[in-house]
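Engineer: Sending over entry-v6.csv (CSV, C-alpha atoms and all ligand atoms).
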chain,number,residue,atom,x,y,z
A,1,MET,CA,53.4,-54.1,76.6
A,2,ALA,CA,52.0,-52.8,79.8
A,3,ARG,CA,53.9,-52.3,83.0
A,4,ASP,CA,52.3,-51.2,86.2
A,5,HIS,CA,54.1,-49.1,88.8
A,6,ARG,CA,52.5,-48.2,92.1
A,7,SER,CA,53.9,-44.9,93.1
A,8,ARG,CA,55.3,-44.4,96.6
A,9,GLY,CA,53.4,-41.1,96.8
A,10,HIS,CA,50.0,-43.0,96.9
A,11,ALA,CA,48.4,-42.0,100.1
A,12,GLY,CA,46.3,-45.2,100.6
A,13,LEU,CA,43.7,-45.8,103.3
A,14,ALA,CA,45.4,-43.8,106.1
A,15,GLY,CA,45.5,-40.7,103.9
A,16,PHE,CA,41.9,-41.2,102.9
A,17,ARG,CA,40.9,-41.4,106.6
A,18,GLN,CA,42.9,-38.4,107.5
A,19,ASP,CA,41.5,-36.3,104.7
A,20,VAL,CA,37.9,-37.3,105.5
A,21,ILE,CA,38.2,-36.5,109.3
A,22,ALA,CA,39.9,-33.2,108.5
A,23,GLY,CA,37.3,-32.3,105.8
A,24,LEU,CA,34.3,-33.2,107.9
A,25,SER,CA,35.7,-31.1,110.8
A,26,LEU,CA,35.8,-27.8,108.7
A,27,PRO,CA,33.1,-25.1,109.3
A,28,GLN,CA,32.0,-25.7,105.7
A,29,LYS,CA,32.4,-29.5,105.5
A,30,ALA,CA,34.4,-30.5,102.4
A,31,LEU,CA,35.9,-33.7,100.8
A,32,PRO,CA,38.6,-33.8,98.1
A,33,PRO,CA,37.1,-34.9,94.8
A,34,LYS,CA,40.0,-37.3,94.1
A,35,TYR,CA,38.2,-39.7,96.4
A,36,PHE,CA,35.3,-40.1,94.0
A,37,TYR,CA,37.3,-42.5,92.0
A,38,ASP,CA,37.2,-45.9,93.5
A,39,ALA,CA,36.3,-48.8,91.1
A,40,ALA,CA,32.5,-47.9,91.4
A,41,GLY,CA,33.2,-44.2,91.0
A,42,SER,CA,35.3,-44.6,87.9
A,43,ARG,CA,32.5,-46.7,86.3
A,44,LEU,CA,29.9,-44.1,87.2
A,45,PHE,CA,32.1,-41.4,85.7
A,46,GLU,CA,32.4,-43.4,82.5
A,47,ARG,CA,28.6,-43.5,82.4
A,48,ILE,CA,28.5,-39.7,82.9
A,49,CYS,CA,30.7,-39.3,79.9
A,50,ARG,CA,28.0,-41.0,77.7
A,51,LEU,CA,25.1,-38.9,79.0
A,52,ARG,CA,23.3,-36.6,76.6
A,53,GLU,CA,23.6,-33.6,79.0
A,54,TYR,CA,27.3,-34.1,79.7
A,55,TYR,CA,28.6,-32.3,76.6
A,56,LEU,CA,32.2,-32.1,77.8
A,57,THR,CA,33.3,-35.5,76.5
A,58,ARG,CA,31.6,-35.3,73.1
A,59,ALA,CA,32.9,-31.8,72.5
A,60,GLU,CA,36.5,-32.7,73.4
A,61,LEU,CA,36.3,-35.8,71.2
A,62,ALA,CA,34.9,-33.8,68.3
A,63,LEU,CA,37.5,-31.1,68.5
A,64,THR,CA,40.3,-33.7,68.8
A,65,ARG,CA,39.0,-35.6,65.8
A,66,ALA,CA,38.6,-32.4,63.8
A,67,HIS,CA,42.2,-31.2,64.5
A,68,ILE,CA,44.1,-34.5,65.1
A,69,GLY,CA,46.8,-33.8,62.5
A,70,ALA,CA,47.7,-30.4,64.0
A,71,ILE,CA,47.4,-31.7,67.6
A,72,ALA,CA,49.8,-34.7,66.8
A,73,ARG,CA,52.3,-32.4,65.1
A,74,PHE,CA,52.2,-30.1,68.1
A,75,ALA,CA,52.8,-33.0,70.5
A,76,GLY,CA,55.6,-34.2,68.3
A,77,LYS,CA,55.6,-37.7,66.7
A,78,GLY,CA,57.6,-40.2,68.8
A,79,SER,CA,57.5,-38.1,72.0
A,80,ILE,CA,57.1,-39.6,75.4
A,81,LEU,CA,53.4,-39.1,76.3
A,82,LEU,CA,52.5,-38.7,80.0
A,83,GLU,CA,48.8,-38.5,80.7
A,84,TYR,CA,47.4,-37.3,84.1
A,85,GLY,CA,44.0,-38.6,85.2
A,86,SER,CA,43.8,-40.9,82.2
A,87,GLY,CA,40.7,-42.9,83.3
A,88,GLU,CA,39.6,-45.0,80.4
A,89,SER,CA,42.0,-43.2,78.0
A,90,LEU,CA,39.2,-42.5,75.6
A,91,LYS,CA,40.4,-39.4,73.7
A,92,THR,CA,43.9,-40.6,74.0
A,93,ARG,CA,43.3,-43.3,71.4
A,94,LEU,CA,43.1,-40.6,68.7
A,95,LEU,CA,46.4,-39.2,69.8
A,96,LEU,CA,48.1,-42.6,70.1
A,97,HIS,CA,47.1,-43.4,66.5
A,98,ALA,CA,48.3,-40.1,65.2
A,99,MET,CA,51.5,-39.5,67.1
A,100,ARG,CA,52.8,-43.0,67.8
A,101,PRO,CA,54.6,-42.1,71.1
A,102,ALA,CA,57.8,-43.7,72.2
A,103,VAL,CA,56.2,-44.5,75.5
A,104,TYR,CA,52.7,-43.9,76.8
A,105,MET,CA,52.6,-43.3,80.6
A,106,PRO,CA,49.0,-43.1,82.0
A,107,VAL,CA,48.8,-41.9,85.6
A,108,ASP,CA,45.6,-42.4,87.6
A,109,ILE,CA,44.6,-42.6,91.2
A,110,SER,CA,41.9,-45.3,90.4
A,111,GLY,CA,44.0,-48.5,90.2
A,112,GLU,CA,41.2,-50.7,88.9
A,113,ALA,CA,40.2,-48.3,86.1
A,114,LEU,CA,43.9,-47.8,85.1
A,115,ARG,CA,44.5,-51.5,84.9
A,116,ARG,CA,41.4,-52.1,82.8
A,117,ALA,CA,42.3,-49.2,80.4
A,118,ALA,CA,45.9,-50.4,80.1
A,119,ALA,CA,44.9,-54.0,79.3
A,120,LYS,CA,42.4,-52.8,76.7
A,121,LEU,CA,45.0,-50.5,75.1
A,122,SER,CA,47.6,-53.2,74.9
A,123,ARG,CA,45.2,-55.3,72.9
A,124,GLU,CA,44.4,-52.4,70.6
A,125,PHE,CA,48.0,-51.2,70.2
A,126,PRO,CA,50.2,-54.3,70.5
A,127,ASP,CA,53.4,-52.4,69.7
A,128,LEU,CA,52.8,-49.6,72.1
A,129,ARG,CA,55.0,-49.4,75.2
A,130,ILE,CA,52.7,-48.6,78.1
A,131,ALA,CA,54.0,-47.7,81.6
A,132,ALA,CA,51.0,-47.3,83.8
A,133,VAL,CA,51.4,-45.5,87.1
A,134,ALA,CA,48.8,-45.8,89.9
A,135,GLY,CA,49.3,-42.6,91.9
A,136,ASP,CA,48.0,-39.2,93.1
A,137,PHE,CA,49.1,-36.3,90.9
A,138,SER,CA,48.5,-33.8,93.8
A,139,ARG,CA,51.6,-35.3,95.5
A,140,PRO,CA,55.2,-35.8,94.2
A,141,LEU,CA,55.3,-38.8,92.0
A,142,GLU,CA,58.1,-41.1,90.9
A,143,LEU,CA,57.8,-41.5,87.2
A,144,PRO,CA,60.2,-44.2,86.0
A,145,GLY,CA,61.6,-43.6,82.5
A,146,PHE,CA,60.1,-40.1,82.0
A,147,ARG,CA,63.5,-38.4,82.1
A,148,GLY,CA,64.7,-39.9,78.8
A,149,ARG,CA,66.2,-37.9,75.9
A,150,ASP,CA,63.0,-37.9,73.8
A,151,ARG,CA,60.7,-34.9,73.8
A,152,ARG,CA,58.3,-35.0,76.7
A,153,VAL,CA,54.6,-34.1,76.4
A,154,VAL,CA,52.0,-34.0,79.2
A,155,TYR,CA,48.4,-34.6,78.2
A,156,PHE,CA,45.7,-33.5,80.7
A,157,PRO,CA,42.3,-33.8,79.0
A,158,GLY,CA,38.7,-33.8,80.3
A,159,SER,CA,38.9,-30.5,82.1
A,160,THR,CA,40.2,-32.4,85.2
A,161,ILE,CA,42.3,-29.2,85.7
A,162,GLY,CA,39.0,-27.5,86.5
A,163,ASN,CA,38.6,-29.7,89.6
A,164,LEU,CA,41.6,-27.9,91.1
A,165,SER,CA,41.3,-24.4,92.4
A,166,PRO,CA,43.1,-21.7,90.2
A,167,GLY,CA,45.9,-21.7,92.8
A,168,GLU,CA,46.3,-25.5,92.7
A,169,ALA,CA,46.1,-25.5,88.9
A,170,GLN,CA,48.9,-23.0,88.7
A,171,ALA,CA,51.1,-25.1,91.1
A,172,PHE,CA,50.2,-28.2,89.1
A,173,LEU,CA,51.2,-26.5,85.8
A,174,LYS,CA,54.5,-25.3,87.4
A,175,MET,CA,55.2,-28.9,88.4
A,176,THR,CA,54.6,-30.2,84.9
A,177,ARG,CA,56.6,-27.3,83.4
A,178,GLY,CA,59.5,-28.7,85.4
A,179,GLN,CA,58.8,-32.3,84.2
A,180,VAL,CA,58.6,-31.6,80.5
A,181,GLY,CA,61.8,-29.5,80.5
A,182,PRO,CA,62.7,-26.7,78.1
A,183,ARG,CA,61.8,-28.6,74.8
A,184,GLY,CA,58.6,-30.0,76.2
A,185,ALA,CA,54.9,-29.2,75.8
A,186,MET,CA,51.5,-29.7,77.4
A,187,LEU,CA,48.0,-30.4,76.0
A,188,VAL,CA,45.3,-29.4,78.4
A,189,GLY,CA,41.6,-29.8,77.9
A,190,VAL,CA,39.6,-27.0,79.5
A,191,ASP,CA,35.8,-26.5,79.7
A,192,LEU,CA,34.8,-23.1,78.6
A,193,LYS,CA,32.4,-20.6,80.3
A,194,LYS,CA,28.9,-20.8,78.8
A,195,ASP,CA,25.2,-20.5,79.4
A,196,ALA,CA,24.4,-21.4,83.0
A,197,GLY,CA,21.5,-23.6,81.9
A,198,VAL,CA,23.8,-25.8,79.8
A,199,LEU,CA,26.2,-26.1,82.7
A,200,HIS,CA,23.3,-26.9,85.2
A,201,ALA,CA,22.0,-29.7,83.0
A,202,ALA,CA,25.4,-31.3,82.6
A,203,TYR,CA,25.8,-31.6,86.4
A,204,ASN,CA,22.1,-32.5,87.1
A,205,ASP,CA,21.4,-35.2,84.6
A,206,SER,CA,17.9,-36.5,84.3
A,207,ARG,CA,19.0,-40.1,84.9
A,208,GLY,CA,20.6,-39.3,88.2
A,209,VAL,CA,24.0,-40.7,87.3
A,210,THR,CA,25.8,-37.6,88.6
A,211,ALA,CA,23.8,-37.8,91.8
A,212,ALA,CA,24.9,-41.5,92.2
A,213,PHE,CA,28.6,-40.5,91.5
A,214,ASN,CA,28.4,-37.8,94.2
A,215,LEU,CA,26.7,-40.1,96.7
A,216,ASN,CA,29.2,-42.9,96.0
A,217,LEU,CA,31.7,-40.9,98.0
A,218,LEU,CA,29.6,-41.5,101.2
A,219,GLU,CA,29.3,-45.2,100.2
A,220,ARG,CA,33.0,-45.4,99.9
A,221,ILE,CA,33.5,-43.8,103.3
A,222,ASN,CA,31.1,-46.4,104.8
A,223,ARG,CA,32.8,-49.3,103.0
A,224,GLU,CA,36.5,-48.4,103.6
A,225,LEU,CA,36.4,-46.3,106.8
A,226,GLY,CA,33.6,-47.9,108.7
A,227,GLY,CA,31.2,-44.9,108.3
A,228,ASP,CA,27.5,-45.1,108.9
A,229,PHE,CA,26.2,-42.5,106.4
A,230,ASP,CA,22.5,-43.1,105.5
A,231,LEU,CA,22.5,-42.3,101.8
A,232,ARG,CA,18.7,-41.7,101.9
A,233,ARG,CA,19.3,-38.8,104.2
A,234,PHE,CA,21.7,-36.9,101.8
A,235,ALA,CA,20.9,-35.3,98.4
A,236,HIS,CA,23.0,-34.3,95.4
A,237,TYR,CA,23.1,-30.6,94.8
A,238,ALA,CA,25.0,-28.9,92.0
A,239,PHE,CA,24.8,-25.2,90.9
A,240,TYR,CA,26.8,-22.7,88.8
A,241,ASN,CA,28.5,-20.2,91.0
A,242,ALA,CA,28.8,-17.4,88.4
A,243,PRO,CA,31.0,-15.0,90.4
A,244,LEU,CA,33.6,-17.7,90.9
A,245,GLY,CA,33.1,-19.2,87.4
A,246,ARG,CA,32.6,-22.8,88.7
A,247,ILE,CA,30.1,-25.5,89.2
A,248,GLU,CA,29.9,-26.5,92.8
A,249,MET,CA,28.8,-30.0,93.9
A,250,HIS,CA,27.5,-30.6,97.4
A,251,LEU,CA,25.8,-33.4,99.4
A,252,VAL,CA,23.1,-31.8,101.5
A,253,SER,CA,21.9,-33.3,104.7
A,254,LEU,CA,18.1,-33.7,104.5
A,255,ALA,CA,17.7,-33.8,108.3
A,256,ALA,CA,19.5,-32.9,111.5
A,257,GLN,CA,21.6,-36.0,112.1
A,258,SER,CA,24.9,-37.3,113.3
A,259,VAL,CA,27.2,-39.6,111.5
A,260,ASN,CA,30.1,-41.8,112.7
A,261,VAL,CA,33.3,-42.4,110.8
A,262,GLY,CA,35.3,-44.9,112.8
A,263,GLN,CA,35.7,-43.3,116.3
A,264,HIS,CA,34.7,-39.8,115.0
A,265,ARG,CA,31.2,-38.4,115.2
A,266,PHE,CA,30.0,-35.5,113.0
A,267,GLY,CA,26.8,-33.4,113.5
A,268,PHE,CA,24.8,-32.1,110.6
A,269,ALA,CA,22.1,-29.5,110.7
A,270,ALA,CA,19.2,-29.9,108.3
A,271,GLY,CA,20.2,-28.3,105.0
A,272,GLU,CA,23.9,-28.3,105.9
A,273,SER,CA,26.2,-29.5,103.1
A,274,ILE,CA,29.5,-31.3,102.3
A,275,HIS,CA,31.2,-29.5,99.5
A,276,THR,CA,32.5,-32.3,97.3
A,277,GLU,CA,33.7,-30.7,94.0
A,278,ASN,CA,34.4,-27.6,92.1
A,279,SER,CA,34.5,-27.7,88.3
A,280,CYS,CA,36.1,-24.4,87.2
A,281,LYS,CA,35.3,-23.0,83.8
A,282,TYR,CA,37.7,-20.7,82.0
A,283,SER,CA,37.6,-18.4,79.0
A,284,ILE,CA,40.5,-18.9,76.6
A,285,ALA,CA,42.2,-15.7,77.8
A,286,GLU,CA,41.8,-16.6,81.5
A,287,PHE,CA,43.4,-20.0,81.0
A,288,GLN,CA,46.3,-18.6,79.0
A,289,ALA,CA,47.0,-16.1,81.7
A,290,LEU,CA,47.0,-18.9,84.3
A,291,ALA,CA,49.4,-21.0,82.2
A,292,ALA,CA,51.7,-17.9,81.6
A,293,GLN,CA,52.0,-17.5,85.4
A,294,ALA,CA,53.3,-21.1,85.5
A,295,GLY,CA,55.9,-20.6,82.8
A,296,PHE,CA,54.0,-21.8,79.8
A,297,ARG,CA,53.2,-19.9,76.6
A,298,GLY,CA,49.8,-20.6,75.1
A,299,ALA,CA,50.9,-21.5,71.6
A,300,LYS,CA,47.7,-23.1,70.2
A,301,VAL,CA,44.0,-23.4,71.1
A,302,TRP,CA,41.5,-25.7,69.4
A,303,THR,CA,37.8,-25.6,70.1
A,304,ASP,CA,34.8,-27.6,68.9
A,305,ARG,CA,32.4,-26.0,66.4
A,306,ARG,CA,29.9,-25.1,69.1
A,307,GLY,CA,32.5,-23.3,71.2
A,308,LEU,CA,31.8,-25.5,74.3
A,309,PHE,CA,35.3,-26.8,75.0
A,310,SER,CA,38.9,-25.9,74.4
A,311,LEU,CA,42.2,-27.8,74.1
A,312,HIS,CA,45.3,-25.7,74.8
A,313,GLY,CA,48.7,-26.4,73.4
A,314,LEU,CA,51.2,-25.0,75.8
A,315,ILE,CA,55.0,-24.6,75.3
A,316,ALA,CA,57.5,-24.2,78.0
A,317,ASP,CA,58.5,-20.6,77.9
A,401,LIG,N1,40.9,-38.1,81.3
A,401,LIG,C1,39.6,-38.8,81.3
A,401,LIG,C2,39.1,-39.0,82.7
A,401,LIG,C3,38.7,-37.7,83.4
A,401,LIG,S1,37.9,-38.0,85.0
A,401,LIG,C4,38.6,-38.0,80.5
A,401,LIG,O1,39.0,-37.0,79.9
A,401,LIG,O2,37.5,-38.5,80.3
A,401,LIG,C5,39.2,-37.6,86.1
A,401,LIG,C6,40.3,-38.7,86.2
A,401,LIG,O3,41.3,-38.3,87.0
A,401,LIG,C7,39.7,-40.0,86.8
A,401,LIG,O4,40.1,-41.1,86.1
A,401,LIG,C8,40.4,-40.0,88.2
A,401,LIG,O5,40.6,-41.3,88.7
A,401,LIG,C9,41.6,-39.2,88.0
A,401,LIG,N2,42.1,-38.4,89.1
A,401,LIG,C10,41.4,-37.5,89.9
A,401,LIG,N3,42.2,-37.0,90.8
A,401,LIG,C11,43.4,-37.5,90.7
A,401,LIG,C12,44.6,-37.4,91.4
A,401,LIG,N4,44.7,-36.5,92.4
A,401,LIG,N5,45.7,-38.1,91.0
A,401,LIG,C13,45.6,-39.0,89.9
A,401,LIG,N6,44.4,-39.2,89.2
A,401,LIG,C14,43.3,-38.5,89.6
A,402,LIG,C1,36.6,-35.2,85.9
A,402,LIG,N1,35.9,-33.9,86.0
A,402,LIG,C2,36.5,-32.9,84.9
A,402,LIG,C3,34.4,-33.9,85.9
A,402,LIG,C4,33.9,-32.5,85.9
A,402,LIG,O1,33.1,-32.3,85.0
A,402,LIG,O2,34.2,-31.7,86.7
A,402,LIG,C5,33.9,-34.7,87.1
A,402,LIG,C6,32.4,-34.6,87.2
A,402,LIG,N2,31.7,-34.2,88.2
A,402,LIG,C7,30.5,-34.3,88.0
A,402,LIG,N3,30.3,-34.7,86.7
A,402,LIG,C8,31.5,-35.0,86.2
How does the structure come out when it is put into structure tokens?
Ligand code: SAH
Ligand code: AVI

Structural biologist:
Amino acid sequence: MARDHRSRGHAGLAGFRQDVIAGLSLPQKALPPKYFYDAAGSRLFERICRLREYYLTRAELALTRAHIGAIARFAGKGSILLEYGSGESLKTRLLLHAMRPAVYMPVDISGEALRRAAAKLSREFPDLRIAAVAGDFSRPLELPGFRGRDRRVVYFPGSTIGNLSPGEAQAFLKMTRGQVGPRGAMLVGVDLKKDAGVLHAAYNDSRGVTAAFNLNLLERINRELGGDFDLRRFAHYAFYNAPLGRIEMHLVSLAAQSVNVGQHRFGFAAGESIHTENSCKYSIAEFQALAAQAGFRGAKVWTDRRGLFSLHGLIAD
């Protein structure tokens, strides 16, 4: 059974416009990565997950399969399972089979992807109670039914936490620490630090799907906010910023140009970029220290055999 709640915290078109105008007015132009995920962006991300170079999805699936018994015991059979940034709920299926949650509550900003995933899951798990919430996890969210007596577990796979700055990640973990309560737990997928060449290939795939995903943000601004970005005059650029331990994605202006978004006009020098995403990579110790600052004890860590990706089992301290 699937129910769909639209959260009141959802910013909508006005919030999108405000964030775009503010971001393009900064000295280093920047746009929040949560806006990648309209219907087209979610489909492009699903294609990224299946690319040879994008090891993250395969590594997390492999480690989840290999350790599913222990992961389900850690989550607690019959718990309420809340997943942030659920997307197509790919890895979640393994968890749903193994832990049989009382309720599964997927939360995602991409309404179309969420509805598609919930409909598919209801066919695959006819007895599962699904309470889908279309909303933005960077704002306070109303989560109907999450405050029951059952144990509460938050699942945050995919290294989506890496798209937050370390400060934002800590605030997010603090918020979920409050949500799960003293008996609760969290499972967080975190991409590990590794060879820069492997990272570079994952964010610069040979088929150009990541480039299309990045450029779709400009297409979305054109479509929804009346922008006139010429996509042929911007290029995808992603590199590993080693001192900061993160992949940075940018869109680089290929010429001096100006662009209109509604009534606003923005000038670009040739070579000037819009910073569109960070994807932070953490060692196991670094992530456990971050979680500890948010009131979680790192109780378990699972990794894939190649040591590419980690899944942290956190317990409210
Ligand atoms: N968990 C899936 C998808 C990861 S992609 C996986 O592991 O493959 C990141 C997901 O988070 C997308 O589905 C995107 O729509 C969602 N998302 C990104 N920012 C969000 C936000 N601020 N609030 C809610 N969902 C968000
Ligand atoms: C969702 N997130 C964890 C992805 C990442 O790897 O940072 C988004 C992405 N950006 C480019 N490719 C994939």

Engineer: What are the nearest atom pairs, with distances in Å to one decimal, for all residues of chain A that come at most 10 Å from ligand LIG 402 (chain A), using all atoms listed in the file, set out by chain and rising residue number as CSV?

Structural biologist:
residue,atom,partner,partner_atom,distance
A:Pro33,CA,A:LIG402,C5,8.3
A:Lys34,CA,A:LIG402,C1,9.1
A:Phe36,CA,A:LIG402,C5,8.9
A:Tyr37,CA,A:LIG402,C1,9.5
A:Ser42,CA,A:LIG402,C1,9.7
A:Leu44,CA,A:LIG402,C8,9.3
A:Phe45,CA,A:LIG402,C8,6.4
A:Glu46,CA,A:LIG402,C8,9.2
A:Arg47,CA,A:LIG402,C8,9.8
A:Ile48,CA,A:LIG402,C8,6.5
A:Cys49,CA,A:LIG402,C8,7.7
A:Tyr54,CA,A:LIG402,N3,7.6
A:Tyr55,CA,A:LIG402,O1,9.5
A:Leu56,CA,A:LIG402,O1,7.3
A:Thr57,CA,A:LIG402,O1,9.1
A:Gly85,CA,A:LIG402,C1,8.2
A:Ser86,CA,A:LIG402,C1,9.9
A:Gly87,CA,A:LIG402,C1,9.1
A:Pro157,CA,A:LIG402,C2,8.3
A:Gly158,CA,A:LIG402,C2,5.2
A:Ser159,CA,A:LIG402,C2,4.4
A:Thr160,CA,A:LIG402,C2,3.7
A:Ile161,CA,A:LIG402,C2,6.9
A:Gly162,CA,A:LIG402,C2,6.2
A:Asn163,CA,A:LIG402,O2,5.6
A:Leu164,CA,A:LIG402,O2,9.4
A:Gly189,CA,A:LIG402,C2,9.2
A:Val190,CA,A:LIG402,C2,8.6
A:Asp191,CA,A:LIG402,C2,8.3
A:Leu199,CA,A:LIG402,O1,9.6
A:Ala202,CA,A:LIG402,N3,7.2
A:Tyr203,CA,A:LIG402,N3,5.5
A:Asn204,CA,A:LIG402,N3,8.5
A:Asp205,CA,A:LIG402,N3,9.2
A:Val209,CA,A:LIG402,N3,8.7
A:Thr210,CA,A:LIG402,N3,5.7
A:Ala211,CA,A:LIG402,C7,8.5
A:Phe213,CA,A:LIG402,C7,7.4
A:Asn214,CA,A:LIG402,C7,7.4
A:Ala238,CA,A:LIG402,C7,8.7
A:Arg246,CA,A:LIG402,O2,9.3
A:Ile247,CA,A:LIG402,O2,7.8
A:Glu248,CA,A:LIG402,O2,9.1
A:Met249,CA,A:LIG402,C7,7.5
A:Thr276,CA,A:LIG402,N2,9.3
A:Glu277,CA,A:LIG402,N2,7.1
A:Asn278,CA,A:LIG402,O2,6.8
A:Ser279,CA,A:LIG402,O2,4.3
A:Cys280,CA,A:LIG402,O2,7.6
A:Lys281,CA,A:LIG402,O2,9.2

Engineer: For stretch 219-236 of chain A, work out the shell of residues within 6 Å, counting all atoms listed in the file and skipping chain neighbours fewer than 5 positions away, then give it as a tab-separated table (two decimals) with C-alpha atoms, keeping the file's coordinate frame.

Structural biologist:
chain	number	residue	atom	x	y	z
A	211	ALA	CA	23.80	-37.80	91.80
A	251	LEU	CA	25.80	-33.40	99.40
A	252	VAL	CA	23.10	-31.80	101.50
A	253	SER	CA	21.90	-33.30	104.70
A	254	LEU	CA	18.10	-33.70	104.50
A	259	VAL	CA	27.20	-39.60	111.50
A	260	ASN	CA	30.10	-41.80	112.70
A	261	VAL	CA	33.30	-42.40	110.80
A	262	GLY	CA	35.30	-44.90	112.80

Engineer: Quick one: residues within 10 Å of A:Gly69, all atoms listed in the file counted, chain neighbours fewer than 3 positions away excluded, as an MDAnalysis selection string?

Structural biologist: chainID A and resid 64:66 72:74 94:95 98:99

Engineer: Would you compute the distance between atom CA of A:Gly245 and atom CA of A:Gln18? Give it in Å to one decimal.

Structural biologist: 29.5 Å

Engineer: May I ask for the distance between atom CA of A:Val107 and atom CA of A:Ser122, given in Å to one decimal place?

Structural biologist: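 Pair atom CA of A:Val107 / atom CA of A:Ser122 returns 15.6 Å.
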